[in-house]
$ cat run18.cif   # mmCIF, C-alpha atoms
data_structure
#
loop_
_atom_site.group_PDB
_atom_site.id
_atom_site.type_symbol
_atom_site.label_atom_id
_atom_site.label_comp_id
_atom_site.auth_asym_id
_atom_site.auth_seq_id
_atom_site.Cartn_x
_atom_site.Cartn_y
_atom_site.Cartn_z
ATOM 1 C CA GLU A 172 154.428 113.897 41.919
ATOM 2 C CA ALA A 173 151.111 112.791 40.481
ATOM 3 C CA ASP A 174 150.664 109.032 40.380
ATOM 4 C CA GLY A 175 149.986 108.970 36.643
ATOM 5 C CA MET A 176 152.784 111.301 35.547
ATOM 6 C CA THR A 177 155.520 108.676 35.138
ATOM 7 C CA THR A 178 153.481 106.263 33.026
ATOM 8 C CA ALA A 179 154.751 105.921 29.455
ATOM 9 C CA ALA A 180 152.199 105.856 26.694
ATOM 10 C CA THR A 181 151.915 102.567 24.853
ATOM 11 C CA GLU A 182 150.573 104.253 21.728
ATOM 12 C CA ARG A 183 150.614 107.812 20.409
ATOM 13 C CA GLY A 184 149.221 109.377 17.290
ATOM 14 C CA SER A 185 146.888 112.033 15.997
ATOM 15 C CA VAL A 186 143.552 112.337 14.258
ATOM 16 C CA THR A 187 143.084 115.055 11.666
ATOM 17 C CA VAL A 188 139.939 117.180 11.841
ATOM 18 C CA PRO A 189 139.208 120.343 9.850
ATOM 19 C CA GLY A 190 141.770 122.915 10.967
ATOM 20 C CA ALA A 191 143.557 120.848 13.621
ATOM 21 C CA ALA A 192 145.421 117.657 14.445
ATOM 22 C CA LEU A 193 144.089 116.079 17.653
ATOM 23 C CA ARG A 194 146.775 114.099 19.441
ATOM 24 C CA TYR A 195 146.023 111.012 21.496
ATOM 25 C CA ALA A 196 147.874 108.738 23.899
ATOM 26 C CA VAL A 197 146.657 105.226 24.734
ATOM 27 C CA GLU A 198 147.822 103.455 27.894
ATOM 28 C CA GLY A 199 147.007 100.274 29.789
ATOM 29 C CA ALA A 200 144.758 97.324 29.029
ATOM 30 C CA GLY A 201 141.198 96.298 29.795
ATOM 31 C CA THR A 202 137.898 98.175 29.663
ATOM 32 C CA PRO A 203 138.150 100.959 27.055
ATOM 33 C CA VAL A 204 137.922 104.465 28.521
ATOM 34 C CA LEU A 205 138.268 107.713 26.568
ATOM 35 C CA VAL A 206 139.311 110.869 28.448
ATOM 36 C CA VAL A 207 138.710 113.985 26.339
ATOM 37 C CA GLY A 208 140.445 117.335 26.749
ATOM 38 C CA SER A 209 144.245 117.226 26.551
ATOM 39 C CA SER A 210 146.493 114.262 25.732
ATOM 40 C CA ILE A 211 149.260 115.978 27.746
ATOM 41 C CA TYR A 212 147.494 117.334 30.854
ATOM 42 C CA TYR A 213 145.036 114.598 31.720
ATOM 43 C CA PRO A 214 147.363 111.554 31.726
ATOM 44 C CA ARG A 215 149.115 113.297 34.615
ATOM 45 C CA THR A 216 145.946 113.273 36.729
ATOM 46 C CA PHE A 217 144.843 109.628 36.437
ATOM 47 C CA SER A 218 146.572 106.825 38.335
ATOM 48 C CA ARG A 219 148.744 103.966 37.145
ATOM 49 C CA ARG A 220 146.314 101.620 38.909
ATOM 50 C CA LEU A 221 143.540 102.659 36.550
ATOM 51 C CA ARG A 222 145.714 101.673 33.573
ATOM 52 C CA GLU A 223 145.978 98.163 35.039
ATOM 53 C CA VAL A 224 142.270 97.474 34.533
ATOM 54 C CA CYS A 225 141.350 99.964 31.781
ATOM 55 C CA ARG A 226 142.762 100.803 28.381
ATOM 56 C CA VAL A 227 142.682 104.578 28.664
ATOM 57 C CA ALA A 228 142.846 106.827 25.598
ATOM 58 C CA PHE A 229 143.609 110.488 26.302
ATOM 59 C CA ALA A 230 142.594 112.686 23.356
ATOM 60 C CA ASP A 231 142.981 116.376 22.583
ATOM 61 C CA LEU A 232 140.034 118.580 21.864
ATOM 62 C CA ARG A 233 140.685 121.415 19.466
ATOM 63 C CA HIS A 234 141.277 124.104 22.120
ATOM 64 C CA PHE A 235 144.246 122.000 23.302
ATOM 65 C CA ALA A 236 145.456 121.038 19.811
ATOM 66 C CA GLU A 237 148.696 122.348 18.373
ATOM 67 C CA GLY A 238 148.583 124.773 15.487
ATOM 68 C CA HIS A 239 144.838 125.429 15.262
ATOM 69 C CA ALA A 240 144.106 128.847 13.761
ATOM 70 C CA ALA A 241 141.668 131.327 15.260
ATOM 71 C CA PRO A 242 138.131 130.065 14.629
ATOM 72 C CA VAL A 243 135.800 131.703 12.158
ATOM 73 C CA PRO A 244 132.382 132.723 13.528
ATOM 74 C CA GLY A 245 130.172 129.700 14.047
ATOM 75 C CA GLU A 246 133.006 127.168 13.716
ATOM 76 C CA VAL A 247 133.051 126.174 17.402
ATOM 77 C CA THR A 248 129.821 124.304 18.230
ATOM 78 C CA PHE A 249 128.677 121.383 20.339
ATOM 79 C CA ASP A 250 128.022 119.467 17.119
ATOM 80 C CA GLY A 251 131.578 120.137 15.976
ATOM 81 C CA TYR A 252 133.091 118.918 19.235
ATOM 82 C CA ALA A 253 130.898 115.802 19.105
ATOM 83 C CA ASP A 254 132.081 115.095 15.566
ATOM 84 C CA ASP A 255 135.706 115.447 16.696
ATOM 85 C CA ILE A 256 135.191 112.947 19.515
ATOM 86 C CA GLU A 257 133.414 110.586 17.129
ATOM 87 C CA ARG A 258 136.675 110.145 15.228
ATOM 88 C CA VAL A 259 138.096 108.072 18.084
ATOM 89 C CA HIS A 260 136.115 104.943 19.109
ATOM 90 C CA ARG A 261 133.299 103.551 21.230
ATOM 91 C CA ALA A 262 134.172 103.657 24.914
ATOM 92 C CA ALA A 263 133.254 104.893 28.342
ATOM 93 C CA ILE A 264 133.815 108.616 27.827
ATOM 94 C CA VAL A 265 135.234 110.757 30.623
ATOM 95 C CA GLY A 266 135.374 114.547 30.782
ATOM 96 C CA HIS A 267 136.645 116.918 33.453
ATOM 97 C CA SER A 268 135.150 120.402 33.929
ATOM 98 C CA LYS A 269 133.543 121.596 30.665
ATOM 99 C CA HIS A 270 134.998 118.553 28.923
ATOM 100 C CA GLY A 271 132.442 116.558 30.904
ATOM 101 C CA ASN A 272 129.664 118.605 29.317
ATOM 102 C CA LEU A 273 131.230 117.986 25.907
ATOM 103 C CA ALA A 274 131.286 114.260 26.687
ATOM 104 C CA LEU A 275 127.609 114.447 27.588
ATOM 105 C CA GLU A 276 126.758 116.351 24.405
ATOM 106 C CA TYR A 277 128.658 113.735 22.421
ATOM 107 C CA ALA A 278 126.771 110.878 24.082
ATOM 108 C CA LYS A 279 123.464 112.524 23.172
ATOM 109 C CA ARG A 280 124.488 112.836 19.539
ATOM 110 C CA TYR A 281 126.150 109.403 19.226
ATOM 111 C CA PRO A 282 124.351 107.213 21.789
ATOM 112 C CA GLU A 283 125.524 103.992 20.172
ATOM 113 C CA ARG A 284 129.179 105.028 20.602
ATOM 114 C CA ALA A 285 129.233 106.093 24.253
ATOM 115 C CA SER A 286 128.853 103.108 26.566
ATOM 116 C CA HIS A 287 129.194 105.193 29.755
ATOM 117 C CA VAL A 288 129.611 108.897 30.549
ATOM 118 C CA VAL A 289 131.673 110.272 33.451
ATOM 119 C CA LEU A 290 131.453 113.949 34.441
ATOM 120 C CA ILE A 291 134.138 115.235 36.832
ATOM 121 C CA GLY A 292 133.672 118.710 38.285
ATOM 122 C CA SER A 293 131.288 119.614 35.462
ATOM 123 C CA PRO A 294 128.637 122.339 35.665
ATOM 124 C CA PRO A 295 124.972 121.423 35.124
ATOM 125 C CA VAL A 296 124.032 125.050 34.359
ATOM 126 C CA GLY A 297 125.211 128.108 32.416
ATOM 127 C CA ILE A 298 128.118 130.374 33.269
ATOM 128 C CA GLU A 299 126.054 133.110 34.931
ATOM 129 C CA ARG A 300 124.564 130.688 37.461
ATOM 130 C CA VAL A 301 127.969 129.121 38.069
ATOM 131 C CA VAL A 302 129.551 132.510 38.799
ATOM 132 C CA GLY A 303 126.813 133.412 41.258
ATOM 133 C CA ALA A 304 127.052 130.065 43.023
ATOM 134 C CA ARG A 305 130.841 130.176 43.291
ATOM 135 C CA GLN A 306 130.738 133.604 44.953
ATOM 136 C CA GLU A 307 128.194 132.395 47.501
ATOM 137 C CA TYR A 308 130.004 129.115 48.148
ATOM 138 C CA TRP A 309 133.385 130.818 48.599
ATOM 139 C CA ALA A 310 131.891 133.346 51.006
ATOM 140 C CA ALA A 311 130.209 130.634 53.057
ATOM 141 C CA HIS A 312 132.843 127.877 53.101
ATOM 142 C CA ALA A 313 136.383 129.124 52.321
ATOM 143 C CA SER A 314 138.628 129.194 55.393
ATOM 144 C CA GLU A 315 140.708 132.261 56.222
ATOM 145 C CA ASP A 316 143.893 130.303 55.421
ATOM 146 C CA ARG A 317 142.511 129.520 51.979
ATOM 147 C CA ARG A 318 141.520 133.144 51.396
ATOM 148 C CA ALA A 319 144.977 134.329 52.478
ATOM 149 C CA ALA A 320 146.670 131.835 50.146
ATOM 150 C CA LEU A 321 144.633 133.111 47.210
ATOM 151 C CA ARG A 322 145.514 136.721 48.031
ATOM 152 C CA ARG A 323 149.246 135.876 48.171
ATOM 153 C CA ASN A 324 149.115 134.008 44.873
ATOM 154 C CA GLN A 325 147.282 136.792 43.098
ATOM 155 C CA ILE A 326 149.806 139.378 44.319
ATOM 156 C CA ALA A 327 152.692 137.153 43.177
ATOM 157 C CA LEU A 328 151.055 136.803 39.747
ATOM 158 C CA GLY A 329 151.338 140.577 39.209
ATOM 159 C CA PRO A 330 152.823 142.285 36.146
ATOM 160 C CA ASP A 331 156.492 142.235 37.263
ATOM 161 C CA ARG A 332 157.684 139.301 35.159
ATOM 162 C CA PRO A 333 161.042 138.919 33.403
ATOM 163 C CA ALA A 334 159.394 138.095 30.069
ATOM 164 C CA PRO A 335 155.873 138.503 28.689
ATOM 165 C CA LEU A 336 153.689 135.416 28.619
ATOM 166 C CA SER A 337 151.818 134.068 25.629
ATOM 167 C CA PRO A 338 148.020 133.904 26.048
ATOM 168 C CA GLY A 339 148.251 130.160 26.732
ATOM 169 C CA GLU A 340 151.047 130.610 29.275
ATOM 170 C CA ALA A 341 149.085 133.391 30.971
ATOM 171 C CA LEU A 342 146.041 131.123 31.251
ATOM 172 C CA ALA A 343 148.109 128.352 32.851
ATOM 173 C CA ALA A 344 149.773 130.826 35.224
ATOM 174 C CA ARG A 345 146.375 132.139 36.289
ATOM 175 C CA TYR A 346 145.134 128.600 36.883
ATOM 176 C CA VAL A 347 148.158 127.837 39.073
ATOM 177 C CA ALA A 348 147.770 131.082 41.028
ATOM 178 C CA ASP A 349 144.079 130.351 41.593
ATOM 179 C CA GLY A 350 144.970 127.003 43.154
ATOM 180 C CA PRO A 351 143.095 127.725 46.429
ATOM 181 C CA LEU A 352 139.902 127.786 44.324
ATOM 182 C CA TYR A 353 140.702 124.480 42.623
ATOM 183 C CA TRP A 354 142.387 122.157 45.105
ATOM 184 C CA TYR A 355 141.655 120.612 48.518
ATOM 185 C CA ASP A 356 145.226 121.586 49.452
ATOM 186 C CA PRO A 357 145.276 125.380 48.921
ATOM 187 C CA GLY A 358 149.069 125.256 48.586
ATOM 188 C CA TYR A 359 149.098 122.696 45.772
ATOM 189 C CA ASP A 360 151.352 123.696 42.842
ATOM 190 C CA ALA A 361 149.669 122.634 39.588
ATOM 191 C CA SER A 362 152.387 124.005 37.300
ATOM 192 C CA PRO A 363 153.865 120.552 36.448
ATOM 193 C CA LEU A 364 150.466 119.509 35.092
ATOM 194 C CA TRP A 365 150.650 122.313 32.514
ATOM 195 C CA ALA A 366 154.181 121.666 31.247
ATOM 196 C CA GLY A 367 154.114 121.319 27.461
ATOM 197 C CA VAL A 368 150.344 121.802 27.166
ATOM 198 C CA SER A 369 149.211 123.705 24.058
ATOM 199 C CA VAL A 370 146.333 126.120 24.641
ATOM 200 C CA ASN A 371 144.489 127.845 21.813
ATOM 201 C CA THR A 372 142.826 130.647 23.730
ATOM 202 C CA ASP A 373 140.801 131.810 20.710
ATOM 203 C CA VAL A 374 139.092 128.431 20.449
ATOM 204 C CA LEU A 375 138.777 128.238 24.226
ATOM 205 C CA ASP A 376 137.037 131.608 24.324
ATOM 206 C CA ALA A 377 134.619 130.416 21.639
ATOM 207 C CA LEU A 378 133.975 127.255 23.670
ATOM 208 C CA HIS A 379 133.183 129.334 26.763
ATOM 209 C CA GLY A 380 130.667 131.247 24.673
ATOM 210 C CA LEU A 381 128.722 128.030 24.087
ATOM 211 C CA PHE A 382 128.025 127.858 27.820
ATOM 212 C CA ALA A 383 126.532 131.331 28.189
ATOM 213 C CA GLY A 384 123.018 129.926 28.495
ATOM 214 C CA TYR A 385 123.825 126.254 28.871
ATOM 215 C CA GLU A 386 121.344 123.937 30.558
ATOM 216 C CA LEU A 387 121.428 120.175 30.808
ATOM 217 C CA ALA A 388 119.081 118.531 28.325
ATOM 218 C CA TRP A 389 118.787 115.075 29.834
ATOM 219 C CA ASP A 390 116.481 113.329 27.394
ATOM 220 C CA PRO A 391 116.483 109.571 28.156
ATOM 221 C CA ALA A 392 115.531 108.900 24.545
ATOM 222 C CA ARG A 393 118.789 110.519 23.407
ATOM 223 C CA LEU A 394 121.071 109.718 26.352
ATOM 224 C CA ARG A 395 120.992 105.974 26.880
ATOM 225 C CA ALA A 396 124.381 105.558 28.593
ATOM 226 C CA PRO A 397 124.612 105.452 32.397
ATOM 227 C CA VAL A 398 126.203 108.580 33.854
ATOM 228 C CA LEU A 399 128.581 109.040 36.790
ATOM 229 C CA VAL A 400 128.934 112.533 38.285
ATOM 230 C CA ALA A 401 131.993 113.105 40.512
ATOM 231 C CA MET A 402 132.317 116.390 42.416
ATOM 232 C CA GLY A 403 134.647 117.723 45.123
ATOM 233 C CA ARG A 404 133.487 119.448 48.286
ATOM 234 C CA HIS A 405 136.391 121.917 48.020
ATOM 235 C CA ASP A 406 135.718 122.916 44.428
ATOM 236 C CA TYR A 407 135.148 126.668 44.708
ATOM 237 C CA VAL A 408 134.843 127.177 40.931
ATOM 238 C CA VAL A 409 131.960 124.804 40.145
ATOM 239 C CA PRO A 410 130.393 124.181 43.581
ATOM 240 C CA HIS A 411 128.788 120.790 44.052
ATOM 241 C CA VAL A 412 125.610 122.471 45.333
ATOM 242 C CA LEU A 413 124.740 123.349 41.729
ATOM 243 C CA TRP A 414 123.700 119.721 41.286
ATOM 244 C CA ASP A 415 121.291 119.718 44.236
ATOM 245 C CA GLU A 416 118.280 120.880 42.234
ATOM 246 C CA VAL A 417 119.233 118.967 39.087
ATOM 247 C CA LEU A 418 119.867 115.472 40.442
ATOM 248 C CA PRO A 419 116.274 114.647 41.491
ATOM 249 C CA THR A 420 115.140 115.283 37.910
ATOM 250 C CA LEU A 421 117.656 112.904 36.282
ATOM 251 C CA THR A 422 117.523 109.210 35.496
ATOM 252 C CA ASN A 423 120.266 106.591 35.223
ATOM 253 C CA VAL A 424 122.787 108.701 37.133
ATOM 254 C CA THR A 425 125.195 107.923 39.985
ATOM 255 C CA TYR A 426 126.512 110.847 42.042
ATOM 256 C CA HIS A 427 129.487 110.961 44.396
ATOM 257 C CA LEU A 428 130.872 113.868 46.419
ATOM 258 C CA PHE A 429 134.580 113.582 47.324
ATOM 259 C CA GLU A 430 135.192 115.096 50.741
ATOM 260 C CA LYS A 431 138.931 115.789 50.346
ATOM 261 C CA SER A 432 138.986 116.991 46.757
ATOM 262 C CA GLY A 433 138.565 120.177 44.818
ATOM 263 C CA ARG A 434 138.040 120.066 41.067
ATOM 264 C CA THR A 435 140.233 117.021 40.352
ATOM 265 C CA PRO A 436 139.319 114.021 42.526
ATOM 266 C CA GLN A 437 140.970 111.602 40.077
ATOM 267 C CA LEU A 438 144.269 113.116 41.280
ATOM 268 C CA GLU A 439 143.451 114.326 44.779
ATOM 269 C CA GLU A 440 141.795 111.105 46.008
ATOM 270 C CA GLN A 441 143.107 108.634 43.446
ATOM 271 C CA GLU A 442 142.508 105.416 45.354
ATOM 272 C CA LEU A 443 138.916 106.292 46.201
ATOM 273 C CA PHE A 444 138.262 107.625 42.699
ATOM 274 C CA ASP A 445 139.648 104.468 41.080
ATOM 275 C CA ARG A 446 137.566 102.259 43.340
ATOM 276 C CA LEU A 447 134.437 104.241 42.540
ATOM 277 C CA LEU A 448 135.007 104.345 38.774
ATOM 278 C CA ILE A 449 136.055 100.714 38.365
ATOM 279 C CA GLY A 450 133.223 99.455 40.566
ATOM 280 C CA TRP A 451 130.705 101.581 38.670
ATOM 281 C CA LEU A 452 131.972 100.403 35.275
ATOM 282 C CA ARG A 453 131.633 96.803 36.406
ATOM 283 C CA ALA A 454 128.177 97.350 37.861
ATOM 284 C CA GLU A 455 127.069 99.119 34.686
ATOM 285 C CA ALA A 456 128.536 96.383 32.499
ATOM 286 C CA PHE A 457 129.060 97.013 28.822
ATOM 287 C CA ALA A 458 126.116 95.890 26.733
ATOM 288 C CA PRO A 459 126.926 94.645 23.211
ATOM 289 C CA GLY A 460 125.672 97.104 20.627
ATOM 290 C CA GLY A 461 125.213 99.898 23.171
ATOM 291 C CA ARG A 462 122.469 100.686 25.660
#

$ encode --input "run18.cif" --output "structure tokens"
Amino acid sequence: EADGMTTAATERGSVTVPGAALRYAVEGAGTPVLVVGSSIYYPRTFSRRLREVCRVAFADLRHFAEGHAAPVPGEVTFDGYADDIERVHRAAIVGHSKHGNLALEYAKRYPERASHVVLIGSPPVGIERVVGARQEYWAAHASEDRRAALRRNQIALGPDRPAPLSPGEALAARYVADGPLYWYDPGYDASPLWAGVSVNTDVLDALHGLFAGYELAWDPARLRAPVLVAMGRHDYVVPHVLWDEVLPTLTNVTYHLFEKSGRTPQLEEQELFDRLLIGWLRAEAFAPGGR
């Protein structure tokens, strides 16, 4: 069981944005930290220890909100996601996978509101480059046991199911089956993390479209917050090597590679992740009025 999964929220609510209600859950006390993505999924991946020193708010983004209709053309934009996040509060903002990129885009648009930015397993480049890199990294580094586990899972995922799945359920099932791509332990069962999670696949597809030609725009004049990048050596979806060319060009960034993690080091190496994050937050102390 994940360390954070038994922690009860101290506060729950929702924020209304055009077309959706974004739920949030606030836990713990101390340094304010905002984790964007899903208020259901992500509390299950962060430790109880982190709640002892940080007041952590977990907030939905609209692709994980309940009841959001299919988007009209042009509705899903980086500006729109930044505006949604802005409805919460000033904090160290944390995002996992593409949510890390959304956190970064928010910090560029609202520099006075983001005290720190944490990217976990986030890509620094567009989808085409990510796909090419993941194929090369898998071919070079995946063990035969890991490859065999993926083959078994994909066969088991086949069409012979007792009941059809909704698009959101199918996405979660695919994620669980692809576990050998995502986790240090290729046999890890991620299905409990997805229990009760709403997925609007129409909005998610539109979000993916924003990353077709995505490149980091790291303008120090716009991005004043310090940035922490956390990657896992056994992430075969967004390989850490994608950052090799980018890092030397960046300023005000701390990078850490977790040796026994895939895409989710905050769950896979919780003690080390907590020590890194808390130490970094303290070293990059909050400055009144922003950086």

$ resolve_selection --input "run18.cif" --expression "the PyMOL selection byres ((chain A and resi 423-428) around 7)" --output "PyMOL selection string"
chain A and resi 397-404+421-422+429-430

$ atom_distance --input "run18.cif" --atom1 "CA of Thr248 in chain A" --atom2 "CA of Lys279 in chain A"
14.3 Å

$ closest_residue --input "run18.cif" --among "A:Pro338, A:Arg300, A:Gly190, A:His411" --to "Asp376 in chain A" --atoms "all atoms listed in the file"
A:Pro338

$ residues_around --input "run18.cif" --residues "Val204 in chain A" --least-positions-apart "4" --cutoff "10 Å" --atoms "all atoms listed in the file" --output "list in words"
Val197, Glu198, Ala200, Leu221, Arg222, Cys225, Arg226, Val227, Ala228, Phe229, His260, Arg261, Ala262, Ala263, Ile264, Val265, Ala285, Ser286, His287, Val288, Val289 and Leu452 of chain A

$ axis_aligned_box --input "run18.cif" --around "range 215-224 of chain A" --padding-each-side "8 Å" --output "AutoDock Vina command-line options"
--center_x 145.7 --center_y 105.4 --center_z 36.2 --size_x 22.8 --size_y 31.8 --size_z 21.3

$ closest_residue --input "run18.cif" --among "A:Ala396, A:Leu364, A:Leu375, A:Leu352" --to "Phe217 in chain A" --atoms "only C-alpha atoms"
A:Leu364

$ atom_distance --input "run18.cif" --atom1 "CA of Thr435 in chain A" --atom2 "CA of Ala366 in chain A"
17.3 Å

$ resolve_selection --input "run18.cif" --expression "the PyMOL selection byres ((chain A and resi 380-388) around 6)" --output "list in words"
Pro295, Val296, Gly297, Ile298, Ala377, Leu378, His379, Trp389 and Asp390 of chain A

$ closest_residue --input "run18.cif" --among "A:Thr181, A:Ser314, A:Gln306, A:Gln437" --to "Pro351 in chain A" --atoms "all atoms listed in the file"
A:Ser314

$ closest_residue --input "run18.cif" --among "A:Asp316, A:Asp360, A:Gly367, A:Ala456" --to "Gly339 in chain A" --atoms "all atoms listed in the file"
A:Gly367

$ resolve_selection --input "run18.cif" --expression "the PyMOL selection byres ((chain A and resi 354) around 7)" --output "list in words"
Gly350, Pro351, Leu352, Tyr353, Tyr355, Asp356, Pro357, Tyr359, His405, Asp406, Ser432, Gly433 and Arg434 of chain A

$ write_last_selection --input "run18.cif" --atoms "C-alpha atoms" --output "short mmCIF file (atom, residue, chain, number, x, y, z; two decimals), keeping the file's coordinate frame"
data_model
loop_
_atom_site.label_atom_id
_atom_site.label_comp_id
_atom_site.auth_asym_id
_atom_site.auth_seq_id
_atom_site.Cartn_x
_atom_site.Cartn_y
_atom_site.Cartn_z
CA GLY A 350 144.97 127.00 43.15
CA PRO A 351 143.10 127.72 46.43
CA LEU A 352 139.90 127.79 44.32
CA TYR A 353 140.70 124.48 42.62
CA TYR A 355 141.66 120.61 48.52
CA ASP A 356 145.23 121.59 49.45
CA PRO A 357 145.28 125.38 48.92
CA TYR A 359 149.10 122.70 45.77
CA HIS A 405 136.39 121.92 48.02
CA ASP A 406 135.72 122.92 44.43
CA SER A 432 138.99 116.99 46.76
CA GLY A 433 138.56 120.18 44.82
CA ARG A 434 138.04 120.07 41.07
#

$ closest_residue --input "run18.cif" --among "A:Leu290, A:Leu336, A:Asp349, A:Tyr407" --to "Ala310 in chain A" --atoms "all atoms listed in the file"
A:Tyr407

$ residues_around --input "run18.cif" --residues "Asp254 in chain A" --least-positions-apart "5" --cutoff "12 Å" --atoms "all atoms listed in the file" --output "PDB file with C-alpha atoms, in the frame of the given file"
ATOM      1  CA  VAL A 186     143.552 112.337  14.258  1.00  0.00           C
ATOM      2  CA  THR A 187     143.084 115.055  11.666  1.00  0.00           C
ATOM      3  CA  VAL A 188     139.939 117.180  11.841  1.00  0.00           C
ATOM      4  CA  PRO A 189     139.208 120.343   9.850  1.00  0.00           C
ATOM      5  CA  LEU A 232     140.034 118.580  21.864  1.00  0.00           C
ATOM      6  CA  ARG A 233     140.685 121.415  19.466  1.00  0.00           C
ATOM      7  CA  VAL A 247     133.051 126.174  17.402  1.00  0.00           C
ATOM      8  CA  THR A 248     129.821 124.304  18.230  1.00  0.00           C
ATOM      9  CA  PHE A 249     128.677 121.383  20.339  1.00  0.00           C
ATOM     10  CA  VAL A 259     138.096 108.072  18.084  1.00  0.00           C
ATOM     11  CA  HIS A 260     136.115 104.943  19.109  1.00  0.00           C
ATOM     12  CA  LEU A 273     131.230 117.986  25.907  1.00  0.00           C
ATOM     13  CA  ALA A 274     131.286 114.260  26.687  1.00  0.00           C
ATOM     14  CA  GLU A 276     126.758 116.351  24.405  1.00  0.00           C
ATOM     15  CA  TYR A 277     128.658 113.735  22.421  1.00  0.00           C
ATOM     16  CA  ALA A 278     126.771 110.878  24.082  1.00  0.00           C
ATOM     17  CA  LYS A 279     123.464 112.524  23.172  1.00  0.00           C
ATOM     18  CA  ARG A 280     124.488 112.836  19.539  1.00  0.00           C
ATOM     19  CA  TYR A 281     126.150 109.403  19.226  1.00  0.00           C
ATOM     20  CA  ARG A 284     129.179 105.028  20.602  1.00  0.00           C
TER      21      ARG A 284
END

$ residues_around --input "run18.cif" --residues "Leu342 in chain A" --least-positions-apart "4" --cutoff "12 Å" --atoms "all atoms listed in the file" --output "number ranges by chain"
A: 328, 336-338, 346-349, 362, 365, 368-373, 375-376

$ atom_distance --input "run18.cif" --atom1 "CA of Val206 in chain A" --atom2 "CA of Arg393 in chain A"
21.1 Å

$ closest_residue --input "run18.cif" --among "A:His270, A:Arg220, A:Arg317, A:Lys431" --to "Tyr252 in chain A" --atoms "all atoms listed in the file"
A:His270

$ residues_around --input "run18.cif" --residues "Leu413 in chain A" --least-positions-apart "2" --cutoff "10 Å" --atoms "all atoms listed in the file" --output "ChimeraX atom specification"
/A:293-296,300-301,304-305,409-411,415-418
